[in-house]
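A.B. asks: Here you go, one structure.
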Amino acid sequence: MTKRNSHLTFFGLCALVLSCLVVFGAFTTEVPVARKNRTYLQELQEVQKTAVLLQNQTGLVPLKNLNQKIASVNLGTGQAQVFDSLASLYTNVDTLRLMGQVSDSSLNVLNQELKFHQTVLLQVSAAWLDNKAVISFIQELQKEKDVVLAVYGPRTLLPLANGLSVPMIWQEQENAVTAAFAAQLVFGGVASTGQLDKTYSAAFKTGTGYKTAVTRLKYTVPEEVGIATNDLKVPIDAIVQEAIREKAAPGAVVMVVKDGKVIFHQAYGAHTYDGSRPTRTNDIFDVASVTKISATTMALMDLYDRHKLKLTEPLGSYVPSVRNSDKKNLTVRDVLLHQSGLPAGVGLPVQPQDVQKVPSSAYTVKASDSLFLRNSYFKEVLWPRMLSAKMGTPGKYVYSDLTMYFMKEVVERQAEAPLEELVQSRFYAPLGMQTAGFLPLNRFDRSRIVPTEEDAHFRKTLLQGYVHDGGAARLGGIAGHAGLFSSANDLAILYQMMLNRGTYGGAQYFKPTTVDLFTSRQSNVSRRGLGFDRWDPDTSQQYPSRLASPATYGHTGYTGTCVWVDPTHKLVYVFLSNRVHPKVSNKLISLKIRGRIQDAIYQAIAKATPAASAAGKS
């Protein structure tokens, strides 16, 4: 048994999936790309008609619980890389294959390796079901685990599966398109509609076949939503390459989701300007203030849904230490709208006695590899300064990082759990988000994490895997306003859930009314929603972009990131970069890189062909 690295770049994955029908970027004119993508879509439509989901009476497919150990096992198929690469976009999937010849002994070894997995996805050639050892292996697995078979071979071999009771995705052809379809069907990226056209055995009769609905993201080509690939790729490429050329950022990842379908996901440039580590689509970025909506606001919405939070309640009713300050009567609502009177920020001095280069029992708050703050710094320095911060005019809009310092305290007291554990357990893990979270060095190799600034003042080192924001660093990397790290795919999953008004993967995370409340404009003095930034009605600002609809909500991040959701166009746009490397530069802002890319997406949508979009639906 061996494990394989199932990750491919999005374009590399598309190249495999399309069986060389299209490799993004390999064509210089629109016509060949569009033609090849339409051919792929035609093949995909045929696959959807002929693929049959059998024995799904328990409703196991599509999988609902992603917060478990899932394995993908290859038994004699030639498209495991495609299947596993697609599966790994939905959640963490361990990929295994049989070593040596098929025998009771080798299958027993494989079974032993699966003892800690709750769900097993078996890719198998239909002919292998004629092997008693293989049938016995599957029957043993189905006694203890959830098992799903992706079977490739003629339907005349269906009687070989008479002794099995597990869901089976049966496809006659084995190629990259059918493998991609099977993987996405398992996770709800595509729907099952096919049925058997004749009877093959008592268990597999005419008309047999379970229908399923789409519940998660689908990974496909722009032509499926009527957009020509080059209408999207050419302008985005040019804008990002301009950013790199002008040293606005050494690299970036751009992701576009339209109508619940990932139609663009590309990495550009490198982690640093020397180009030694090319950017990859699954790289992990410090998302800075995108933390505010992706962690803290999500937690607040969850508490609101569970009736543990009232927007009209004052801070003092939730945080006892606030009750002796002039912040005690500030309502949650006004704080979230940045109109409570809180200042933009406060100075957070660090004295020599507050830090040391090596950890000890009294210095465990880790700001970098060689800088540790004393454990009492938050209680004795940071929090008192926030409580005593000079208040401004109530009702006046002042964007304040203090907002989410206070909200983190509200969340943790009401949830009775640390913020990082709450969002991981209630959102990131069940959604299948594999990278999103705080303190990424505790979970990932440093090389996957994109470096930010060369900090010449506080930590005096290159920041890689440590939060860029100095205030969050003083909290050990976990704060309400900054500290979250994520890949683009994870953010796309989270915000597709939001675009779905709280549902994803067959589960409800928020009430639709709660999503509507928090993301809509709630202020008479600013464009803000509750925690969320929004489209600016002052059209001279062209924020977040010139063509964004008034329904658009999301947030930007200081490190050069943004996420914008446009319900009008059923669009999720993610941009990740490290514009602060090696030192802070405003070129990404002055060149309007993020907004121009967003406008390029809208322009591509405007050119979309309705007929092509309809033809590509599956």
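Chain labels run A, B, ... following the order of the structure tokens; each chain numbers its residues from 1, and ligands are numbered from 1 in the order shown.
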When DSSP works through the backbone of this structure, what residues of region 253-440 of chain A end up as strand (DSSP E), shown as a PyMOL selection string?

C.D. replies: chain A and resi 253-258+261-269+285-286+355-356+365-368+371-373

A.B. asks: Next, write the just-selected residues to a file, as an mmCIF file, in the first residue's frame, keeping N, CA, C and O atoms as the atom set.

C.D. replies:
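Now in again.cif:
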data_model
loop_
_atom_site.group_PDB
_atom_site.id
_atom_site.type_symbol
_atom_site.label_atom_id
_atom_site.label_comp_id
_atom_site.auth_asym_id
_atom_site.auth_seq_id
_atom_site.Cartn_x
_atom_site.Cartn_y
_atom_site.Cartn_z
ATOM 1 N N VAL A 253 -3.101 34.417 -6.207
ATOM 2 C CA VAL A 253 -4.036 33.375 -6.630
ATOM 3 C C VAL A 253 -5.381 34.039 -6.868
ATOM 4 O O VAL A 253 -5.845 34.826 -6.043
ATOM 5 N N VAL A 254 -5.982 33.738 -8.011
ATOM 6 C CA VAL A 254 -7.293 34.287 -8.357
ATOM 7 C C VAL A 254 -8.264 33.127 -8.539
ATOM 8 O O VAL A 254 -7.944 32.142 -9.215
ATOM 9 N N MET A 255 -9.442 33.272 -7.946
ATOM 10 C CA MET A 255 -10.453 32.224 -8.059
ATOM 11 C C MET A 255 -11.805 32.855 -8.364
ATOM 12 O O MET A 255 -12.174 33.872 -7.772
ATOM 13 N N VAL A 256 -12.535 32.256 -9.295
ATOM 14 C CA VAL A 256 -13.845 32.754 -9.697
ATOM 15 C C VAL A 256 -14.846 31.603 -9.648
ATOM 16 O O VAL A 256 -14.618 30.538 -10.236
ATOM 17 N N VAL A 257 -15.947 31.831 -8.934
ATOM 18 C CA VAL A 257 -17.029 30.853 -8.856
ATOM 19 C C VAL A 257 -18.291 31.520 -9.378
ATOM 20 O O VAL A 257 -18.689 32.574 -8.881
ATOM 21 N N LYS A 258 -18.892 30.924 -10.389
ATOM 22 C CA LYS A 258 -20.122 31.466 -10.986
ATOM 23 C C LYS A 258 -21.196 30.384 -10.975
ATOM 24 O O LYS A 258 -20.957 29.253 -11.407
ATOM 25 N N LYS A 261 -20.208 27.104 -9.624
ATOM 26 C CA LYS A 261 -19.209 26.361 -10.396
ATOM 27 C C LYS A 261 -17.889 27.112 -10.403
ATOM 28 O O LYS A 261 -17.842 28.297 -10.744
ATOM 29 N N VAL A 262 -16.825 26.421 -10.035
ATOM 30 C CA VAL A 262 -15.486 27.012 -10.102
ATOM 31 C C VAL A 262 -15.064 27.022 -11.561
ATOM 32 O O VAL A 262 -14.860 25.972 -12.171
ATOM 33 N N ILE A 263 -14.934 28.219 -12.125
ATOM 34 C CA ILE A 263 -14.608 28.330 -13.558
ATOM 35 C C ILE A 263 -13.214 28.914 -13.790
ATOM 36 O O ILE A 263 -12.748 28.956 -14.921
ATOM 37 N N PHE A 264 -12.568 29.359 -12.715
ATOM 38 C CA PHE A 264 -11.216 29.911 -12.856
ATOM 39 C C PHE A 264 -10.517 29.801 -11.510
ATOM 40 O O PHE A 264 -11.066 30.181 -10.479
ATOM 41 N N HIS A 265 -9.301 29.262 -11.544
ATOM 42 C CA HIS A 265 -8.513 29.136 -10.315
ATOM 43 C C HIS A 265 -7.046 29.036 -10.737
ATOM 44 O O HIS A 265 -6.591 27.973 -11.139
ATOM 45 N N GLN A 266 -6.346 30.162 -10.682
ATOM 46 C CA GLN A 266 -4.978 30.181 -11.189
ATOM 47 C C GLN A 266 -4.024 30.843 -10.205
ATOM 48 O O GLN A 266 -4.372 31.823 -9.545
ATOM 49 N N ALA A 267 -2.830 30.287 -10.153
ATOM 50 C CA ALA A 267 -1.744 30.866 -9.363
ATOM 51 C C ALA A 267 -0.782 31.601 -10.285
ATOM 52 O O ALA A 267 -0.542 31.169 -11.417
ATOM 53 N N TYR A 268 -0.244 32.702 -9.789
ATOM 54 C CA TYR A 268 0.667 33.538 -10.568
ATOM 55 C C TYR A 268 1.927 33.850 -9.763
ATOM 56 O O TYR A 268 1.889 33.947 -8.528
ATOM 57 N N GLY A 269 3.029 34.068 -10.483
ATOM 58 C CA GLY A 269 4.238 34.559 -9.851
ATOM 59 C C GLY A 269 4.828 33.577 -8.869
ATOM 60 O O GLY A 269 4.779 32.353 -9.056
ATOM 61 N N PHE A 285 -2.313 31.653 2.511
ATOM 62 C CA PHE A 285 -2.021 33.077 2.649
ATOM 63 C C PHE A 285 -2.531 33.612 3.986
ATOM 64 O O PHE A 285 -3.546 33.136 4.514
ATOM 65 N N ASP A 286 -1.839 34.619 4.498
ATOM 66 C CA ASP A 286 -2.336 35.421 5.617
ATOM 67 C C ASP A 286 -3.413 36.337 5.036
ATOM 68 O O ASP A 286 -3.125 37.242 4.259
ATOM 69 N N VAL A 355 8.929 40.983 26.625
ATOM 70 C CA VAL A 355 9.332 39.970 25.650
ATOM 71 C C VAL A 355 10.667 39.337 26.005
ATOM 72 O O VAL A 355 11.476 39.913 26.746
ATOM 73 N N GLN A 356 10.852 38.147 25.464
ATOM 74 C CA GLN A 356 12.165 37.508 25.508
ATOM 75 C C GLN A 356 12.298 36.592 24.313
ATOM 76 O O GLN A 356 11.311 36.244 23.652
ATOM 77 N N VAL A 365 3.530 33.328 24.891
ATOM 78 C CA VAL A 365 2.775 33.908 23.781
ATOM 79 C C VAL A 365 3.727 34.111 22.613
ATOM 80 O O VAL A 365 4.560 35.017 22.615
ATOM 81 N N LYS A 366 3.619 33.261 21.606
ATOM 82 C CA LYS A 366 4.606 33.196 20.533
ATOM 83 C C LYS A 366 4.268 34.157 19.405
ATOM 84 O O LYS A 366 3.241 34.018 18.734
ATOM 85 N N ALA A 367 5.135 35.146 19.173
ATOM 86 C CA ALA A 367 4.945 36.104 18.083
ATOM 87 C C ALA A 367 5.798 35.767 16.871
ATOM 88 O O ALA A 367 5.522 36.222 15.767
ATOM 89 N N SER A 368 6.858 34.992 17.077
ATOM 90 C CA SER A 368 7.711 34.512 15.988
ATOM 91 C C SER A 368 8.570 33.388 16.548
ATOM 92 O O SER A 368 8.438 33.018 17.722
ATOM 93 N N LEU A 371 10.586 35.240 19.411
ATOM 94 C CA LEU A 371 10.041 36.334 20.208
ATOM 95 C C LEU A 371 8.789 35.843 20.935
ATOM 96 O O LEU A 371 7.823 35.413 20.305
ATOM 97 N N PHE A 372 8.853 35.937 22.269
ATOM 98 C CA PHE A 372 7.757 35.450 23.108
ATOM 99 C C PHE A 372 7.345 36.545 24.081
ATOM 100 O O PHE A 372 8.199 37.146 24.754
ATOM 101 N N LEU A 373 6.039 36.804 24.134
ATOM 102 C CA LEU A 373 5.519 37.804 25.055
ATOM 103 C C LEU A 373 5.128 37.148 26.372
ATOM 104 O O LEU A 373 4.794 35.952 26.419
#

A.B. asks: Could you name the residues that touch Gly392 (chain A) at 8 Å or less, counting only C-alpha atoms, but leaving out those on the same chain fewer than 4 positions away, as a PyMOL selection string?

C.D. replies: chain A and resi 341-343

A.B. asks: Which residues are close to Thr552 (chain A), i.e. within 8 Å by only C-alpha atoms, leaving aside same-chain residues fewer than 6 positions away? Reply as a short mmCIF file (atom, residue, chain, number, x, y, z; two decimals) with N, CA and C atoms, in the first residue's frame.

C.D. replies:
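Generated file (out32.cif):
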data_model
loop_
_atom_site.label_atom_id
_atom_site.label_comp_id
_atom_site.auth_asym_id
_atom_site.auth_seq_id
_atom_site.Cartn_x
_atom_site.Cartn_y
_atom_site.Cartn_z
N ARG A 534 -19.29 46.36 2.19
CA ARG A 534 -20.27 46.23 1.11
C ARG A 534 -19.94 47.17 -0.05
N TRP A 535 -20.73 47.04 -1.09
CA TRP A 535 -20.71 47.95 -2.23
C TRP A 535 -20.96 49.36 -1.76
N TRP A 564 -15.21 38.77 -2.37
CA TRP A 564 -16.45 39.49 -2.66
C TRP A 564 -17.50 38.52 -3.18
N VAL A 565 -18.69 38.64 -2.62
CA VAL A 565 -19.83 37.82 -3.02
C VAL A 565 -20.87 38.74 -3.64
N ASP A 566 -21.31 38.40 -4.84
CA ASP A 566 -22.31 39.20 -5.53
C ASP A 566 -23.53 38.31 -5.80
N PRO A 567 -24.54 38.39 -4.93
CA PRO A 567 -25.73 37.54 -5.12
C PRO A 567 -26.46 37.81 -6.43
N THR A 568 -26.40 39.05 -6.93
CA THR A 568 -27.08 39.37 -8.18
C THR A 568 -26.55 38.54 -9.33
#

A.B. asks: Which of region 251-383 of chain A counts as helix (DSSP H, G or I) under DSSP, as JSON, numbers by chain please?

C.D. replies: {"A": [290, 291, 292, 293, 294, 295, 296, 297, 298, 299, 300, 301, 302, 303, 304, 305, 315, 316, 317, 320, 321, 322, 332, 333, 334, 335, 336, 352, 353, 354, 377, 378, 379, 380, 381, 382, 383]}

A.B. asks: Please produce an output containing N, CA, C and O atoms for each residue in the selection, written as a CSV table (one decimal), in the first residue's frame.

C.D. replies:
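Okay, out.csv is ready:
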chain,number,residue,atom,x,y,z
A,290,VAL,N,-9.7,39.9,6.3
A,290,VAL,CA,-10.7,38.9,5.8
A,290,VAL,C,-11.1,38.0,7.0
A,290,VAL,O,-12.1,37.4,7.0
A,291,THR,N,-10.2,37.9,8.0
A,291,THR,CA,-10.5,37.2,9.2
A,291,THR,C,-11.8,37.7,9.9
A,291,THR,O,-12.5,37.0,10.5
A,292,LYS,N,-12.0,39.0,9.8
A,292,LYS,CA,-13.1,39.7,10.5
A,292,LYS,C,-14.4,39.0,10.0
A,292,LYS,O,-15.3,38.8,10.9
A,293,ILE,N,-14.6,38.7,8.7
A,293,ILE,CA,-15.8,38.2,8.3
A,293,ILE,C,-15.8,36.6,8.2
A,293,ILE,O,-16.8,36.0,8.3
A,294,SER,N,-14.6,36.1,8.0
A,294,SER,CA,-14.4,34.6,7.8
A,294,SER,C,-14.4,33.8,9.1
A,294,SER,O,-14.5,32.6,9.1
A,295,ALA,N,-14.1,34.5,10.2
A,295,ALA,CA,-14.0,33.9,11.5
A,295,ALA,C,-15.0,34.6,12.5
A,295,ALA,O,-16.0,34.0,12.9
A,296,THR,N,-14.6,35.8,12.9
A,296,THR,CA,-15.4,36.4,14.0
A,296,THR,C,-16.8,36.7,13.7
A,296,THR,O,-17.7,36.4,14.5
A,297,THR,N,-17.1,37.2,12.5
A,297,THR,CA,-18.5,37.5,12.1
A,297,THR,C,-19.3,36.2,11.9
A,297,THR,O,-20.5,36.1,12.3
A,298,MET,N,-18.6,35.2,11.4
A,298,MET,CA,-19.3,33.9,11.3
A,298,MET,C,-19.7,33.4,12.7
A,298,MET,O,-20.8,32.8,12.8
A,299,ALA,N,-18.8,33.5,13.6
A,299,ALA,CA,-19.1,33.1,15.0
A,299,ALA,C,-20.3,33.9,15.6
A,299,ALA,O,-21.1,33.3,16.3
A,300,LEU,N,-20.3,35.2,15.3
A,300,LEU,CA,-21.4,36.0,15.8
A,300,LEU,C,-22.7,35.6,15.2
A,300,LEU,O,-23.7,35.6,15.9
A,301,MET,N,-22.7,35.3,13.9
A,301,MET,CA,-23.9,34.9,13.2
A,301,MET,C,-24.4,33.6,13.8
A,301,MET,O,-25.6,33.4,14.0
A,302,ASP,N,-23.5,32.7,14.1
A,302,ASP,CA,-23.9,31.4,14.7
A,302,ASP,C,-24.5,31.6,16.1
A,302,ASP,O,-25.5,31.1,16.4
A,303,LEU,N,-23.9,32.5,16.9
A,303,LEU,CA,-24.5,32.8,18.2
A,303,LEU,C,-25.9,33.5,18.1
A,303,LEU,O,-26.8,33.2,18.9
A,304,TYR,N,-26.0,34.4,17.1
A,304,TYR,CA,-27.3,35.0,16.9
A,304,TYR,C,-28.3,34.0,16.5
A,304,TYR,O,-29.5,34.1,17.0
A,305,ASP,N,-28.0,33.1,15.7
A,305,ASP,CA,-28.9,32.0,15.3
A,305,ASP,C,-29.3,31.2,16.4
A,305,ASP,O,-30.5,30.7,16.5
A,315,LEU,N,-22.2,45.9,25.2
A,315,LEU,CA,-21.0,45.0,25.5
A,315,LEU,C,-20.9,44.6,26.9
A,315,LEU,O,-20.5,43.5,27.2
A,316,GLY,N,-21.3,45.5,27.8
A,316,GLY,CA,-21.2,45.2,29.2
A,316,GLY,C,-22.0,44.0,29.7
A,316,GLY,O,-21.7,43.4,30.7
A,317,SER,N,-23.1,43.7,28.9
A,317,SER,CA,-23.9,42.5,29.3
A,317,SER,C,-23.3,41.2,28.9
A,317,SER,O,-23.7,40.2,29.4
A,320,PRO,N,-17.8,41.1,31.3
A,320,PRO,CA,-17.8,41.7,32.6
A,320,PRO,C,-16.7,42.8,32.8
A,320,PRO,O,-17.0,43.8,33.4
A,321,SER,N,-15.6,42.6,32.2
A,321,SER,CA,-14.5,43.6,32.4
A,321,SER,C,-14.7,44.9,31.7
A,321,SER,O,-14.1,45.9,31.9
A,322,VAL,N,-15.8,44.9,30.8
A,322,VAL,CA,-16.1,46.2,30.1
A,322,VAL,C,-17.0,47.0,31.0
A,322,VAL,O,-17.1,48.2,30.8
A,332,VAL,N,-23.8,45.9,20.4
A,332,VAL,CA,-23.1,45.0,19.5
A,332,VAL,C,-23.3,45.5,18.1
A,332,VAL,O,-22.4,45.5,17.3
A,333,ARG,N,-24.5,45.9,17.8
A,333,ARG,CA,-24.8,46.4,16.4
A,333,ARG,C,-24.0,47.6,16.0
A,333,ARG,O,-23.3,47.6,15.0
A,334,ASP,N,-23.9,48.6,16.9
A,334,ASP,CA,-23.1,49.8,16.6
A,334,ASP,C,-21.6,49.5,16.5
A,334,ASP,O,-20.9,50.1,15.6
A,335,VAL,N,-21.1,48.6,17.3
A,335,VAL,CA,-19.7,48.2,17.2
A,335,VAL,C,-19.4,47.5,15.9
A,335,VAL,O,-18.4,47.8,15.2
A,336,LEU,N,-20.3,46.6,15.5
A,336,LEU,CA,-20.1,45.9,14.2
A,336,LEU,C,-20.2,46.9,13.0
A,336,LEU,O,-19.6,46.6,12.0
A,352,PRO,N,10.8,46.2,27.2
A,352,PRO,CA,11.8,45.1,27.3
A,352,PRO,C,11.3,44.0,28.2
A,352,PRO,O,11.6,42.8,27.9
A,353,GLN,N,10.7,44.3,29.3
A,353,GLN,CA,10.2,43.3,30.2
A,353,GLN,C,9.1,42.4,29.7
A,353,GLN,O,8.7,41.4,30.2
A,354,ASP,N,8.5,42.9,28.5
A,354,ASP,CA,7.3,42.2,28.0
A,354,ASP,C,7.7,41.0,27.1
A,354,ASP,O,6.8,40.2,26.8
A,377,TYR,N,0.6,39.8,29.2
A,377,TYR,CA,0.6,41.1,28.4
A,377,TYR,C,-0.8,41.5,28.0
A,377,TYR,O,-1.2,42.7,28.1
A,378,PHE,N,-1.7,40.6,27.6
A,378,PHE,CA,-3.0,40.9,27.2
A,378,PHE,C,-3.8,41.5,28.4
A,378,PHE,O,-4.4,42.6,28.2
A,379,LYS,N,-3.7,40.8,29.5
A,379,LYS,CA,-4.5,41.2,30.7
A,379,LYS,C,-4.0,42.6,31.3
A,379,LYS,O,-4.8,43.4,31.7
A,380,GLU,N,-2.7,42.8,31.2
A,380,GLU,CA,-2.1,43.9,31.9
A,380,GLU,C,-1.8,45.1,31.0
A,380,GLU,O,-1.7,46.2,31.5
A,381,VAL,N,-1.7,44.9,29.7
A,381,VAL,CA,-1.3,46.0,28.8
A,381,VAL,C,-2.3,46.2,27.7
A,381,VAL,O,-3.0,47.2,27.6
A,382,LEU,N,-2.6,45.1,26.9
A,382,LEU,CA,-3.4,45.3,25.7
A,382,LEU,C,-4.8,45.6,26.0
A,382,LEU,O,-5.4,46.6,25.6
A,383,TRP,N,-5.5,44.8,26.9
A,383,TRP,CA,-6.9,45.0,27.2
A,383,TRP,C,-7.2,46.3,27.9
A,383,TRP,O,-8.1,47.0,27.6

A.B. asks: Give me the residues near Asp104 (chain A) as a list in words, where near means some atom within 12 Å (using only C-alpha atoms) and where sequence neighbours in that chain fewer than 2 positions away do not count.

C.D. replies: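 The filter keeps Leu98, Gly100, Gln101, Val102, Ser106, Leu107, Asn108, Val109, Leu110, Asn111, Asn131, Lys132, Ala133, Val134, Ile135, Ser136, Phe137, Ile138 and Glu140 of chain A.
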
A.B. asks: Can you pull out the residues contacting region 494-501 of chain A? Cut-off 10 Å, using only C-alpha atoms, and skip same-chain residues under 6 positions away; I want them as an MDAnalysis selection string.

C.D. replies: chainID A and resid 215:217 257:261 294 298 427:428 431:433 436 507:516 519 554 563:568 570:574

A.B. asks: Within 12 Å of region 238-242 of chain A, counting only C-alpha atoms, which residues show up once you throw out same-chain ones fewer than 4 positions away? Write them as a ChimeraX atom specification, please.

C.D. replies: /A:230-234,246-254,266-270,575-577,579,587-588,591-601

A.B. asks: Print the selection's residues with N, CA and C atoms to a file, as a short mmCIF file (atom, residue, chain, number, x, y, z; two decimals), in the first residue's frame.

C.D. replies:
data_model
loop_
_atom_site.label_atom_id
_atom_site.label_comp_id
_atom_site.auth_asym_id
_atom_site.auth_seq_id
_atom_site.Cartn_x
_atom_site.Cartn_y
_atom_site.Cartn_z
N ASN A 230 -11.01 32.52 -22.78
CA ASN A 230 -10.10 33.64 -22.99
C ASN A 230 -10.69 34.99 -22.61
N ASP A 231 -12.02 35.10 -22.59
CA ASP A 231 -12.64 36.34 -22.12
C ASP A 231 -12.35 36.56 -20.64
N LEU A 232 -12.09 35.47 -19.95
CA LEU A 232 -11.77 35.54 -18.52
C LEU A 232 -10.27 35.53 -18.30
N LYS A 233 -9.60 34.59 -18.96
CA LYS A 233 -8.18 34.37 -18.68
C LYS A 233 -7.28 35.49 -19.20
N VAL A 234 -7.51 35.95 -20.40
CA VAL A 234 -6.60 36.93 -21.00
C VAL A 234 -6.53 38.23 -20.18
N GLU A 246 5.11 45.43 -11.82
CA GLU A 246 5.22 46.70 -11.12
C GLU A 246 5.58 46.53 -9.64
N LYS A 247 5.84 45.28 -9.25
CA LYS A 247 6.19 44.93 -7.88
C LYS A 247 5.11 45.37 -6.88
N ALA A 248 3.87 45.20 -7.31
CA ALA A 248 2.74 45.40 -6.40
C ALA A 248 2.57 44.18 -5.49
N ALA A 249 3.02 43.03 -5.97
CA ALA A 249 3.01 41.78 -5.22
C ALA A 249 3.84 40.77 -6.00
N PRO A 250 4.57 39.88 -5.32
CA PRO A 250 5.37 38.89 -6.05
C PRO A 250 4.55 37.76 -6.66
N GLY A 251 3.35 37.56 -6.15
CA GLY A 251 2.52 36.48 -6.66
C GLY A 251 1.09 36.63 -6.19
N ALA A 252 0.21 35.81 -6.72
CA ALA A 252 -1.20 35.88 -6.36
C ALA A 252 -1.92 34.62 -6.78
N VAL A 253 -3.10 34.42 -6.21
CA VAL A 253 -4.04 33.38 -6.63
C VAL A 253 -5.38 34.04 -6.87
N VAL A 254 -5.98 33.74 -8.01
CA VAL A 254 -7.29 34.29 -8.36
C VAL A 254 -8.26 33.13 -8.54
N GLN A 266 -6.35 30.16 -10.68
CA GLN A 266 -4.98 30.18 -11.19
C GLN A 266 -4.02 30.84 -10.20
N ALA A 267 -2.83 30.29 -10.15
CA ALA A 267 -1.74 30.87 -9.36
C ALA A 267 -0.78 31.60 -10.29
N TYR A 268 -0.24 32.70 -9.79
CA TYR A 268 0.67 33.54 -10.57
C TYR A 268 1.93 33.85 -9.76
N GLY A 269 3.03 34.07 -10.48
CA GLY A 269 4.24 34.56 -9.85
C GLY A 269 4.83 33.58 -8.87
N ALA A 270 5.39 34.13 -7.79
CA ALA A 270 6.10 33.31 -6.82
C ALA A 270 5.89 33.88 -5.42
N PHE A 575 -9.32 36.84 -4.21
CA PHE A 575 -7.99 37.27 -4.64
C PHE A 575 -7.07 37.21 -3.42
N LEU A 576 -5.97 36.48 -3.55
CA LEU A 576 -4.99 36.37 -2.47
C LEU A 576 -3.62 36.78 -2.99
N SER A 577 -2.94 37.62 -2.24
CA SER A 577 -1.57 38.00 -2.59
C SER A 577 -0.82 38.36 -1.31
N ARG A 579 1.09 41.46 -0.93
CA ARG A 579 1.56 42.77 -1.40
C ARG A 579 2.52 43.42 -0.42
N LYS A 587 1.16 49.80 -4.11
CA LYS A 587 0.94 49.71 -5.55
C LYS A 587 -0.26 48.86 -5.92
N LEU A 588 -0.53 47.81 -5.15
CA LEU A 588 -1.69 46.99 -5.44
C LEU A 588 -2.96 47.84 -5.36
N LEU A 591 -2.82 50.80 -8.24
CA LEU A 591 -3.09 50.24 -9.56
C LEU A 591 -4.48 49.62 -9.66
N LYS A 592 -5.18 49.57 -8.53
CA LYS A 592 -6.55 49.04 -8.46
C LYS A 592 -6.63 47.61 -9.01
N ILE A 593 -5.65 46.82 -8.65
CA ILE A 593 -5.54 45.46 -9.20
C ILE A 593 -6.76 44.62 -8.86
N ARG A 594 -7.15 44.60 -7.59
CA ARG A 594 -8.26 43.74 -7.17
C ARG A 594 -9.57 44.14 -7.86
N GLY A 595 -9.85 45.43 -7.89
CA GLY A 595 -11.08 45.91 -8.52
C GLY A 595 -11.10 45.71 -10.03
N ARG A 596 -9.96 45.88 -10.67
CA ARG A 596 -9.89 45.69 -12.12
C ARG A 596 -10.11 44.23 -12.50
N ILE A 597 -9.58 43.32 -11.71
CA ILE A 597 -9.83 41.90 -11.97
C ILE A 597 -11.32 41.61 -11.81
N GLN A 598 -11.92 42.17 -10.78
CA GLN A 598 -13.34 41.95 -10.56
C GLN A 598 -14.15 42.49 -11.75
N ASP A 599 -13.78 43.66 -12.25
CA ASP A 599 -14.46 44.21 -13.42
C ASP A 599 -14.27 43.32 -14.65
N ALA A 600 -13.08 42.74 -14.79
CA ALA A 600 -12.84 41.84 -15.93
C ALA A 600 -13.77 40.63 -15.86
N ILE A 601 -14.05 40.17 -14.65
CA ILE A 601 -14.98 39.04 -14.48
C ILE A 601 -16.38 39.45 -14.95
#

A.B. asks: From the list A:Ala183, A:Val214, A:Val467, A:Leu491, which residue is nearest Thr435 (chain A) when using only C-alpha atoms?

C.D. replies: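 Once distances to Thr435 (chain A) are computed over only C-alpha atoms, the minimum belongs to A:Leu491.
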
A.B. asks: How far is it from CA of Leu121 (chain A) to CA of Ser105 (chain A), in Å with one decimal?

C.D. replies: 20.4 Å

A.B. asks: Grab the CA of Val73 (chain A) to CA of Asn442 (chain A) distance for me, in Å with one decimal place.

C.D. replies: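 Result for CA of Val73 (chain A) versus CA of Asn442 (chain A): 28.2 Å, one decimal.
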
A.B. asks: Ranking A:Met99, A:Leu462, A:Leu309, A:Ala606 by minimum distance to Val450 (chain A) and counting only C-alpha atoms, which one comes first?

C.D. replies: A:Leu462

A.B. asks: Would you pick out the contacts of Asp94 (chain A) at 8 Å or less, using only C-alpha atoms, so that residues sharing its chain but fewer than 5 positions from it are not included, and give the list as an mmCIF file with N, CA, C and O atoms, in the first residue's frame?

C.D. replies:
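Written output follows (part29.cif):
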data_model
loop_
_atom_site.group_PDB
_atom_site.id
_atom_site.type_symbol
_atom_site.label_atom_id
_atom_site.label_comp_id
_atom_site.auth_asym_id
_atom_site.auth_seq_id
_atom_site.Cartn_x
_atom_site.Cartn_y
_atom_site.Cartn_z
ATOM 1 N N LYS A 3 0.665 5.793 -0.379
ATOM 2 C CA LYS A 3 -0.145 6.993 -0.463
ATOM 3 C C LYS A 3 0.444 7.877 -1.534
ATOM 4 O O LYS A 3 1.643 7.975 -1.694
ATOM 5 N N LYS A 69 -12.505 10.720 8.688
ATOM 6 C CA LYS A 69 -11.383 10.248 7.878
ATOM 7 C C LYS A 69 -11.926 9.490 6.668
ATOM 8 O O LYS A 69 -12.670 8.519 6.805
ATOM 9 N N ILE A 70 -11.541 9.984 5.491
ATOM 10 C CA ILE A 70 -12.000 9.402 4.229
ATOM 11 C C ILE A 70 -10.792 8.912 3.446
ATOM 12 O O ILE A 70 -9.782 9.609 3.354
ATOM 13 N N ALA A 71 -10.901 7.732 2.884
ATOM 14 C CA ALA A 71 -9.827 7.173 2.065
ATOM 15 C C ALA A 71 -10.332 6.900 0.666
ATOM 16 O O ALA A 71 -11.495 6.537 0.460
ATOM 17 N N SER A 72 -9.453 7.076 -0.315
ATOM 18 C CA SER A 72 -9.729 6.692 -1.690
ATOM 19 C C SER A 72 -8.763 5.580 -2.066
ATOM 20 O O SER A 72 -7.543 5.749 -1.957
#
